[in-house]
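The structure appears below as C-alpha cells.
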Amino acid sequence: MPYQWISFTTDYGLDDPFVGICHGVIARIVPDARIIDLTHTVPPGEIRHGAFTLAQAVDYLPPAVHLAVVDPGVGTTRRAVAVVARDGLLVGPDNGLLLPAATELGGATAAYELTEPAYRLPEVSATFHGRDIFAPAAAHLAAGVPPERLGPPIDVRDLERVTAPAPSVRPGAITTEVLTTDHFGNIQLAARGDTIADAGFVEGQQVTLHMGEARHIVVVGRTFEDVENGELILLVDSAGMLALAINGASAATKLGLVRGHFPECVISGPYS
Amino acid sequence: MPYQWISFTTDYGLDDPFVGICHGVIARIVPDARIIDLTHTVPPGEIRHGAFTLAQAVDYLPPAVHLAVVDPGVGTTRRAVAVVARDGLLVGPDNGLLLPAATELGGATAAYELTEPAYRLPEVSATFHGRDIFAPAAAHLAAGVPPERLGPPIDVRDLERVTAPAPSVRPGAITTEVLTTDHFGNIQLAARGDTIADAGFVEGQQVTLHMGEARHIVVVGRTFEDVENGELILLVDSAGMLALAINGASAATKLGLVRGHFPECVISGPYS
Amino acid sequence: MPYQWISFTTDYGLDDPFVGICHGVIARIVPDARIIDLTHTVPPGEIRHGAFTLAQAVDYLPPAVHLAVVDPGVGTTRRAVAVVARDGLLVGPDNGLLLPAATELGGATAAYELTEPAYRLPEVSATFHGRDIFAPAAAHLAAGVPPERLGPPIDVRDLERVTAPAPSVRPGAITTEVLTTDHFGNIQLAARGDTIADAGFVEGQQVTLHMGEARHIVVVGRTFEDVENGELILLVDSAGMLALAINGASAATKLGLVRGHFPECVISGPYS
C-alpha cells in the first residue's frame with residue numbers, strides 16, 4: 001500500500017456522525033489504512049484557520065494522504081482536487097485549504113480535479129462531499145490509485161490560495177495580525193518567531209502591544225514561567241511562530257479575542 | 001475474526017474517560033478489532049437522536065458489530081441485548097436505540113438478552129454497563145462468539161421501539177417535525193426528501209414554514225448556494241431527509257431550536 | 001514489540017491539532033503501536049483531575065505505555081519522567097500526574113528522567129513537550145527501548161505526588177470532598193464506596209449533605225432509579241467511589257459545582 005496513513009482535518013465538529021461516517025467510507029475502500037484525526041473542530045467554514053492548522057502539523061506526521069475538508073462552498077462550482085506534493089498527497093476542496101500544507105511538504109507539483117465517478121461514491125449528495133468525494137478519493141490514493149486516474153490535471157498555479165499577510169518588521173516595531181488561537185487561549189500571530197530578533201527585541205524587555213483600541217504591556221520571554229501569573233508574554237510558540245500568552249490563564253480571553261477574528265497587532269518598544 | 005470492525009456510538013461525551021475505558025475493555029478481549037467512533041455526543045439520554053444517528057450512518061460503515069449506548073435506564077430492569085440483522089450485529093440497551101439501524105441493515109432476525117456472565121466483566125456496576133456488559137459483548141461477538149451464547153433469545157417483536165412520526169403530505173403542505181440538528185445548525189426533519197415532490201413543490205419556489213408560533217419564508221433548493229446569505233432553504237440533506245438550512249449560518253440558531261426539542265413543522269405553499 | 005498499546009491522556013482539548021500531532025510523532029517512531037485516547041479534556045492544568053482520571057481507568061486497559069500530559073509547568077524546571085510500574089510504564093511530567101495510576105498498576109518500582117536527546121525530537125520547544133519529549137519517549141518505550149536508556153534514574157520516593165484528602169468516617173457521618181464531576185453531572189467524592197457501610201448508612205435511608213453553605217436531603221441508593229426524578233442520591237459509582245447523582249439531571253448543576261473546585265462535603269444521618 002503506497003500510503004499506510006491518512007490524516008484527517010475538518011470543521012465537522014464532534015457532535016454528529018460525519019467524521020465517523022468518513023472513517024467508515026475509508027475502511028470499506030482501504031481497510032488496512034490508518035487514520036490520524038488531526039482536528040475536526042476548525043471553526044465552521046474558516047478556511048484560513050484550517051489551512052494553517054494543517055500546514056503546522058504535517059511535518060510531524062508520517063508519510064500520508066492528507067484529507068482536509070473545510071468547505072463552505074460544498075455543492076457549488078468550487079473544484080474538488082487532489083494535490084501532489086514532494087512528500088505526500090493532499091485531498092480536499094480547491095479553496096486554499098491545501099496549499100500551505102503542500103508548501104510544507106516540499107511544494108505542490110501536480111493537481112487533479114476529482115471528477116472520475118469510479119473513485120466517488122455511487123451517489124453524490126449536494127452537501128456532504130467529505131463522505132461522497134473526498135474520503136473515497138483519499139482512500140483510493142492510499143490504496144495506490146495513481147492521482148492522474150482521479151480526473152483531469154489542473155495547473156498548480158491555478159489552485160486557489162489563502163494568504164496570511166506578511167508581517168512588517170522594522171527596528172522597534174512588528175506589525176502583524178492574529179493567525180489563530182488555541183484551546184489554552186494562546187494567540188498565534190502571523191509572523192515567524194525570528195521577527196523578535198529582527199525587530200531588535202530581547203528577552204526580558206517590555207514592549208507595547210496595540211490591538212484594536214486597546215494597549216497592553218507585554219514581556220518578551222521564552223516560556224510561560226518567565227512572567228508572573230496573569231502577565232502577558234510574547235514568545236515563540238511550538239510551531240515557530242510569534243505568540244501571545246499569559247502564565248496560567250487565557251490570553252485570548254484577556255484580550256477579548258473571538259475565534260475567527262484576526263485583528264491587527266502592533267508590537268513596539270525600545271530595540272538594541 | 002468474523003467482524004474486524006466495531007462501530008461505537010454513545011452519549012458519554014468526551015470530557016471523561018468513559019469512551020477510552022470501553023476501548024480498553026474491547027482491546028483486552030479482541031486486540032485485533034478496530035473501532036470506528038461514530039459519535040459520543042448524542043445529547044445525554046436522547047434515545048431517539050442516537051437511534052437515527054446510527055441508522056443514517058450504518059450504510060457507510062464496513063460490516064461491523066454496532067455498539068451503541070444511550071441508556072438513561074442503566075441499572076434498572078431494561079434489558080441488555082444483542083440484535084442480529086441481515087448485514088451486521090448490534091449491541092446495546094433494549095430501549096429502541098438499535099432497531100432503526102437494524103432496519104437499515106436488512107432487518108432484525110434474532111435477538112438475545114445479555115445475561116451470560118462469561119461475556120461480561122467479572123464485576124458489573126450499577127451505572128456503567130457500557131464498560132461492564134455492552135463493550136464486552138460487542139468484543140466477544142467480533143471475536144466470533146455466536147450471539148446465542150450470550151443469553152436467552154428474545155422475540156424481535158418484543159424489542160422496544162422508538163418511532164419518528166410519519167409525515168403528513170398533501171398537495172401544497174407537508175406536516176412533520178424536527179428530527180435532529182447538526183453541528184452546522186442544519187435542521188433535519190422527520191420526512192424523506194421525496195416529500196418535496198409529493199407535495200408538488202419545485203426548486204426555486206418560496207414556501208411558508210410554521211414552527212411553533214413563528215412563521216418563516218423558505219426557498220426550496222438543492223444546495224446552500226441556491227439562496228442568498230442568511231436566507232432559509234428547504235433541501236434534501238446528505239441522509240436523504242428533508243432539511244432546513246441557512247447559507248453561511250445556523251438555521252437552528254435562527255429558528256431558536258434547542259437540541260432535544262422536536263417542534264412540529266408545517267410547510268405550505270403553492271404546488272404544481 | 002513489548003507494548004502494542006499506548007494510552008493517551010491530556011488537557012490539550014480537541015479544538016487544536018495537538019493530540020493529532022502527538023499521534024503523528026508516535027506513528028513515525030513505532031508505526032505498529034495502537035493508541036487509546038483516554039480523554040483529552042482534563043480541565044487545563046488540573047493535575048489532580050488528570051491523575052485520578054488515569055488511575056481509575058488503567059485497570060480496564062490492555063498492558064500499555066501510559067502517556068499523560070497535564071503540564072502547567074511545561075518549559076520550567078519540573079522534570080520529565082518515565083515511571084516503571086509492575087504492570088505497565090508511564091510517561092509524563094513529574095508533577096504528581098502519574099503516581100496514582102502507578103499505584104493501581106502495582107506500584108512504581110523505578111523512574112528515569114527523560115534527558116537523553118536520542119529519544120526526543122531533534123528540536124525541543126519551550127511549550128509543547130507532549131510532542132517533543134513525552135510522545136517520543138512513550139513511542140520508544142513501546143518499541144522496546146529499555147527505560148534506563150532514556151536518562152538517569154530517579155528515586156521513586158522523590159517523585160512529586162498529588163493527594164486526595166483521606167475521608168473522615170464515624171458512625172453517622174462521612175466528611176470528604178469533591179474529587180471530580182463527569183459529563184452527566186455526577187459528582188465523585190474522595191471516599192471509597194464502602195464508607196457508606198462504615199458510617200452505618202443503609203440503602204433507602206435519607207441523609208443530610210452539607211456542601212459549603214447549602215444543605216440537601218439525599219437518599220442512599222444503588223442506581224439512579226432508586227429515587228424519583230430530580231432527587232439526589234448517594235451511591236457507589238462505577239469506579240467504586242462514593243458519588244452524588246440525580247435521576248435524569250445533573251447533580252453538579254443542581255449543587256452549583258464548578259469543575260476544578262473541590263468543596264468539602266459532610267454527609268450525616270441516623271446510623272444502624
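Residues are referred to by chain and number: the chain letter is A, B, ... according to the order shown in the C-alpha cells, the number counts from 1 in that chain, and ligands are numbered separately from 1 in the order shown.
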For Glu203 of chain C: contacts at 8 Å, only C-alpha atoms, fewer than 4 positions along chain excluded, given as an mmCIF file with C-alpha atoms, in the first residue's frame:
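Here's the written file part17.cif:
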data_model
loop_
_atom_site.group_PDB
_atom_site.id
_atom_site.type_symbol
_atom_site.label_atom_id
_atom_site.label_comp_id
_atom_site.auth_asym_id
_atom_site.auth_seq_id
_atom_site.Cartn_x
_atom_site.Cartn_y
_atom_site.Cartn_z
ATOM 1 C CA VAL C 219 -31.256 9.219 49.588
ATOM 2 C CA VAL C 220 -28.779 6.355 49.957
ATOM 3 C CA GLY C 221 -29.296 4.032 46.978
ATOM 4 C CA ARG C 222 -27.770 1.787 44.395
#
Using only C-alpha atoms, what does the table of chain A residues within 8 Å of chain C look like, with each row giving the shortest atom pair and its distance in Å to one decimal, sorted by chain and ascending number, as JSON lines?
{"residue": "A:Ile36", "atom": "CA", "partner": "C:Gly20", "partner_atom": "CA", "distance": 6.2}
{"residue": "A:Asp37", "atom": "CA", "partner": "C:Gly20", "partner_atom": "CA", "distance": 5.7}
{"residue": "A:Leu38", "atom": "CA", "partner": "C:Gly20", "partner_atom": "CA", "distance": 4.2}
{"residue": "A:Thr39", "atom": "CA", "partner": "C:Pro17", "partner_atom": "CA", "distance": 5.1}
{"residue": "A:His40", "atom": "CA", "partner": "C:Asp15", "partner_atom": "CA", "distance": 7.5}
{"residue": "A:Thr41", "atom": "CA", "partner": "C:Asp15", "partner_atom": "CA", "distance": 5.2}
{"residue": "A:Val42", "atom": "CA", "partner": "C:Asp15", "partner_atom": "CA", "distance": 6.9}
{"residue": "A:Thr53", "atom": "CA", "partner": "C:Pro17", "partner_atom": "CA", "distance": 6.8}
{"residue": "A:Leu54", "atom": "CA", "partner": "C:Pro17", "partner_atom": "CA", "distance": 8.0}
{"residue": "A:Ala57", "atom": "CA", "partner": "C:Ile21", "partner_atom": "CA", "distance": 6.0}
{"residue": "A:Tyr60", "atom": "CA", "partner": "C:Val25", "partner_atom": "CA", "distance": 5.6}
{"residue": "A:Leu61", "atom": "CA", "partner": "C:Gly24", "partner_atom": "CA", "distance": 4.1}
{"residue": "A:Pro62", "atom": "CA", "partner": "C:Arg28", "partner_atom": "CA", "distance": 5.2}
{"residue": "A:Asp182", "atom": "CA", "partner": "C:Asp16", "partner_atom": "CA", "distance": 6.1}
{"residue": "A:His183", "atom": "CA", "partner": "C:Asp15", "partner_atom": "CA", "distance": 6.0}
{"residue": "A:Phe184", "atom": "CA", "partner": "C:Pro44", "partner_atom": "CA", "distance": 7.2}
{"residue": "A:Arg222", "atom": "CA", "partner": "C:Ala126", "partner_atom": "CA", "distance": 6.8}
{"residue": "A:Thr223", "atom": "CA", "partner": "C:Ala126", "partner_atom": "CA", "distance": 5.7}
{"residue": "A:Phe224", "atom": "CA", "partner": "C:Gly75", "partner_atom": "CA", "distance": 7.4}
{"residue": "A:Glu225", "atom": "CA", "partner": "C:Thr76", "partner_atom": "CA", "distance": 6.5}
{"residue": "A:Asp237", "atom": "CA", "partner": "C:Thr127", "partner_atom": "CA", "distance": 6.6}
{"residue": "A:Ser238", "atom": "CA", "partner": "C:Ser125", "partner_atom": "CA", "distance": 5.5}
{"residue": "A:Gly248", "atom": "CA", "partner": "C:Pro72", "partner_atom": "CA", "distance": 7.4}
As a check of understanding: the span from atom CA of Gly200 of chain C to atom CA of Gln56 of chain C is 25.9 Å
So that I can check the secondary structure, give me every residue of segment 19-246 of chain A assigned strand (DSSP E or B) by backbone DSSP, as JSON, numbers by chain. {"A": [34, 35, 36, 37, 38, 39, 64, 65, 66, 67, 68, 69, 80, 81, 82, 83, 84, 85, 88, 89, 90, 91, 92, 93, 108, 109, 110, 111, 112, 113, 153, 154, 168, 169, 170, 173, 174, 175, 176, 177, 178, 179, 180, 181, 187, 188, 189, 190, 191, 192, 206, 207, 208, 209, 210, 211, 214, 215, 216, 217, 218, 219, 220, 232, 233, 234, 235, 236, 241, 242, 243, 244, 245, 246]}
For Leu159 of chain C, find every residue with an atom within 9 Å (counting only C-alpha atoms), except residues of its own chain fewer than 3 positions away, and show them as number ranges by chain. C: 94-96, 99, 111, 154-156
